[in-house]
Each structure stands twice: as structure tokens, then as C-alpha cells.
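Here's the structure, in C-alpha cells; my notes come after.
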Amino acid sequence: MTISPPDTMQRVVLAARPKGSPKTTDFRLETIPMPTPGPGEFLVRVIWLSLDPYMRGRMDESKSYAAAVEIGDPMEGGCVGQVIASNNPGFEVGDYVLDRFGWQSHAVGTGEATRKLDPKLAPLSTGLGVLGMPGLTAYVGLNTHGRPKAGETLVVGAATGAVGSLVGQLAKAQGLRVVGVAGGADKCNYAVDVLGFDACIDHRAAGNASDMRQKLAAECPDGVDIYFENIGGITLEAIIPLMNVHGRIPVCGMIGWYNAGALGAGVGDGPNILPKVWRTILVSRLAVTGFIIFDHYDQYPQFLKEVSGLISQGKVIYRESIAEGLDAAPEAFMKLLEGGNFGKQLVAVSNDETR
Ligand code: NDP
């Protein structure tokens with residue numbers, strides 16, 4: 001089978017390094033000639049592009065666990081696509097594949113880190129969400145670093161998002177009390193009514209950390225055993241004194257501070273609470289564990305088996321937020337950083353005929 005590629009392709013490149021929140025002019029949509037795959041390579045038509053909070057960090061030059069995107073280079077990103085030409089015996093035209101093809105309509109792959117997907121087993125888009133990197137993050141963060149026990153209380157931020165929604169559902173399935181933190185009444189109602197959380201607090205309606213602490217304390221009468229950290233900000237400040245002895249804080253992300261850059265410009269200009277926080281970690285013997293998911297892909301097979309089983313039994317549900325077309329990616333990404341997504345944020349780059 002051959003699928004003739006068009007003569008040109010599109011990509012979104014980093015045009016400028018953002019100062020604070022990214023803006024439209026930090027991105028540029030380009031049309032370039034279609035590349036030709038060399039020996040051992042294949043050409044992919046991108047179907048789904050994943051938008052993830054970590055991409056904000058890649059736009060900055062500061063030192064991190066991964067290199068920054070260079071100005072003029074395509075933005076990085078995980079994608080699901082279809083092979084449309086191949087010089088690689090391991091990948092046939094028509095195969096569905098997952099790899100880091102970036103914010104592009106087409107890409108050349110080598111197959112080194114490419115995974116094949118079977119659309120009969122699960123919708124292709126789930127390979128970027130509940131059954132992909134964010135799903136694995138929830139699974140590893142909760143089980144390996146959170147070490148949950150039935151009867152304990154867990155609090156998770158960005159509760160209706162790709163990671164948070166699965167953390168809460170997995171914790172509920174293990175018999176924990178689950179309290180979410182989300183932005184707005186719709187998301188909070190969804191967390192309780194649809195995801196089955198015990199409660200959800202609207203961080204946008206909380207005035208400050210002490211207001212947030214009162215709300216959290218009311219919903220966590222036995223204290224907090226696990227705080228799954230996705231957001232930073234007033235929720236983090238509020239929750240530290242509510243942590244039980246031997247509590248665990250898997251530090252997964254802090255999206256509320258990403259636009260402040262690595263040095264946190266404008267964050268923490270108030271009173272210095274660091275000594276108090278540090279002392280609480282000691283006195284309450286808290287385990288605060290930062291983790292980056294690429295250290296944990298050995299757990300992928302076990303995760304896939306367990307979570308796809310829970311999905312087919314209706315015990316885990318997931319939600320997607322879809323932006324149409326590659327040119328919509330910058331706007332959708334800027335909104336994601338402000339809570340404009342409701343569920344896993346994807347971009348439909350080209351037609352998914354398996355849907
Ligand atoms: P989500 O789908 O949860 O989308 C991001 C959400 O963050 C928004 O919808 C919004 O939800 C919330 N948010 C944005 N700004 C703020 C703010 N100022 N305060 C509180 N919440 C805010 O994204 P993901 O599930 O993909 O990611 C969740 C977290 O997990 C991020 O911090 C991300 O960096 C981290 N992560 C870490 C990984 C690792 O390897 N350590 C891997 C993958 C993700 P709302 O409207 O409810 O406020």
C-alpha cells in the first residue's frame with residue numbers, strides 16, 4: 001500500500017522565549033517542503049498531538065532535566081500518527097505509531113523509540129493520555145511515591161486533568177478518601193459526580209492560603225496522608241500544616257508557577273515560609289519525593305495492563321479536550337496553562353479514521 005504525501009508540511013516553531021505567560025508571537029506556523037525518509041526511516045502523517053504542561057519549561061533556556069527547544073526549532077511533543085512511506089522493515093505503510101514527532105503535520109521517524117498502536121485495543125488518542133505518559137505518571141506517582149493505604153486521605157490538584165483525574169480514580173479504587181482541587185464549579189462538580197471523588201475544592205474561589213487551608217481542613221477531618229503535588233501555589237502553602245505524620249508528597253509538577261520560570265520570578269516575594277515548611281517536613285517526617293516519569297518506563301507494561309482493565313470495567317473514565325488543526329496548537333497550549341482545558345488536551349492534526 002502506498003499513500004502519496006503532499007508536497008509540503010506544516011510545523012509550529014518556537015519564535016521567541018516567553019517572558020511570563022506565552023503569547024501568540026512566541027510561536028510561528030511554517031510551511032516547508034515535505035521531507036523524504038532516508039534509509040531505515042519512515043514518514044508519518046501526524047493524527048494527534050499531545051499538549052502538556054512540561055512544554056512550557058522547554059520554551060525557557062534555564063537548566064532542567066531536558067534541553068530547551070532552540071529558537072526556530074519545532075516545539076516538542078508526543079504524537080500519534082500513521083506511517084505513509086517507509087524504508088524501515090519494522091514499520092509498514094498504514095501502521096499507527098506513537099513517538100515524539102513534535103508540533104508538526106508530518107515527521108520522519110527512525111523507529112528507535114517508536115511504539116506501534118493497535119486501534120482495536122484502545123482509541124489511538126488514549127496513547128497520549130490515560131494509557132500514555134500522563135496515565136503512567138499518575139500510576140507511578142501514586143503507587144511508587146504515594147504508597148497509598150486503604151482508609152487514608154489523598155489530596156490531588158489539577159483534579160480533572162490528565163494526571164489528576166487518574167490519580168484520584170486509582171486512589172478511590174484502593175479505598176482512600178479523595179479530595180480534589182480544581183478551577184471552577186464545573187470541574188469540581190465533575191470530579192465528585194463523574195469521577196467519584198469525595199469532595200473537590202475550587203482553588204479559584206479561595207482567596208488565599210489560609211482560606212484554602214480552612215476548606216481543605218473541613219474536607220480532610222483526619223488530616224492528609226498523601227498530597228499529590230501538581231500545582232504549587234496557595235494549595236501547597238495551605239496543605240503543609242495539614243499533613244499527617246509520615247505523610248507523602250509525590251512532587252509531580254507545579255503548574256501554577258511554570259510561567260514564573262525556573263527561578264520563580266515574582267513567586268515567594270512575601271514572608272519567608274521556608275523555615276516553617278522545612279521544620280514541618282522534619283517534625284512530621286514527611287517524604288517529599290520529586291519524580292520525572294522518564295525514569296519509570298519499566299512500569300509501563302504493568303500500568304497498561306491494570307489501567308486498561310479498569311477502563312474496560314468502567315472503573316476508570318477519561319475525558320479529552322480537543323483543539324482542531326495544528327494552527328490551533330499555540331492557543332490551546334496557552335489556555336492549558338491557565339486551566340482552559342477540561343481533561344487531556346489534544347490537537348486533532350489530521351483525520352483519525354479509526355474513531
Ligand atoms: P492537566 O490536564 O491537569 O492540565 C493542566 C491543569 O493545571 C489545568 O487544566 C488547570 O486545572 C491546572 N492549573 C493551571 N494553572 C493553575 C494554577 N495557577 N493553580 C492551580 N492549578 C492550575 O495537565 P497534566 O495532567 O498533563 O499535568 C498535571 C501536572 O502533572 C502538571 O504539573 C505537569 O507538569 C505534571 N506532570 C509531571 C510529570 C512528571 O514526570 N513529573 C509528567 C506529566 C505531567 P484547573 O482549571 O483545575 O486549575
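Here, A, B, ... name the chains of the C-alpha cells in the order displayed, residue numbers run from 1 inside each chain, and ligands are numbered from 1 in the same displayed order.
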
When you look at range 168-171 of chain A with a cut-off of 7 Å (counting only C-alpha atoms), what residues show up, excluding the ones that are within fewer than 3 positions of it in the same chain? I need them as an MDAnalysis selection string. chainID A and resid 156 164:165 174:176 178 195 197 316

What's the 9 Å shell around range 99-104 of chain A, counting only C-alpha atoms, without same-chain residues fewer than 6 positions away, as a ChimeraX atom specification? /A:9-13,44-46,49-50,74-81,111,113-115,326,329,349

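Nearest to Pro6 in chain A of all the residues A:Ser21, A:Pro33, A:Glu306, A:His203 is A:Pro33, based on only C-alpha atoms.
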
Those in range 36-75 of chain A with strand (DSSP E) from DSSP, as a count of residues only: 9

Fewer than 5 positions away in the same chain doesn't count, so skip those; otherwise give me all residues within 10 Å of Val307 in chain A, counting only C-alpha atoms, as a list in words.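 My list of contacting residues is Val130, Leu131, Gly135, Leu136, Tyr139, Leu166, Leu170, Gln302, Ser312, Gln313, Lys315 and Val316 of chain A.
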
Rank A:Met254, A:Val347, A:Met55, A:Ile47 by their smallest atom-to-atom distance to ligand 1, using only C-alpha atoms and all ligand atoms, and report the top residue only.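 Of A:Met254, A:Val347, A:Met55, A:Ile47, the one nearest ligand 1, counting only C-alpha atoms and all ligand atoms, is A:Met254.
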
Which of range 46-243 of chain A DSSP labels helix (DSSP H, G or I), written as a PyMOL selection string: chain A and resi 54-58+124-128+133-146+162-173+185-193+209-219+233-242

Quote the spacing between atom 18 (N, counted along the ligand's line) of ligand 1 and CA of Asp295 in chain A in Å to one decimal place.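 So the answer is 26.4 Å.
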
Give the answer as one residue: which of A:Ala218, A:Val245, A:Ala238, A:Ala158 has the shortest atom-to-atom distance to Glu338 in chain A, using only C-alpha atoms?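 Ranked by minimum distance to Glu338 in chain A, first place goes to A:Ala158.
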
Within 10 Å of Ile201 in chain A using only C-alpha atoms, minus same-chain residues under 3 positions, as an MDAnalysis selection string: chainID A and resid 155 157 159 179:185 187:189 191 204:206 212 215:216 219 235

Non-local contacts of Gly340 in chain A (12 Å; only C-alpha atoms; under 2 positions in same chain excluded) as a PyMOL selection string: chain A and resi 158+160-161+182-184+187+321-323+331-338+342-345

What is the atom 41 (N, counted along the ligand's line) of ligand 1 to CA of Ser62 in chain A distance in Å?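 Between these atoms lies a distance of 17.3 Å.
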
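CA of Leu43 in chain A sits 5.8 Å away from CA of Ala107 in chain A.
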
Restricting the calculation to only C-alpha atoms and all ligand atoms, which member of A:Ile32, A:Val267, A:Leu304, A:Cys220 is positioned closest to ligand 1? A:Val267

For Leu117 in chain A, find every residue with an atom within 9 Å (counting only C-alpha atoms), except residues of its own chain fewer than 2 positions away, and show them as a PDB file with C-alpha atoms, in the first residue's frame.
```
ATOM      1  CA  VAL A  80       0.185   9.536  17.345  1.00  0.00           C
ATOM      2  CA  ASP A  95       0.879   1.325  10.772  1.00  0.00           C
ATOM      3  CA  TYR A  96      -0.251   3.555  13.651  1.00  0.00           C
ATOM      4  CA  VAL A  97       2.679   4.765  15.720  1.00  0.00           C
ATOM      5  CA  LEU A  98       3.445   6.847  18.805  1.00  0.00           C
ATOM      6  CA  ARG A 115       5.766   2.317  19.645  1.00  0.00           C
ATOM      7  CA  PRO A 119      -6.639   0.936  17.351  1.00  0.00           C
ATOM      8  CA  LYS A 120      -8.709  -2.197  18.039  1.00  0.00           C
ATOM      9  CA  LEU A 121      -7.324  -2.351  21.604  1.00  0.00           C
ATOM     10  CA  ALA A 122      -7.924   1.295  22.572  1.00  0.00           C
ATOM     11  CA  LEU A 124      -5.472   5.984  19.342  1.00  0.00           C
ATOM     12  CA  GLY A 127      -1.886   6.539  23.853  1.00  0.00           C
TER      13      GLY A 127
END
```
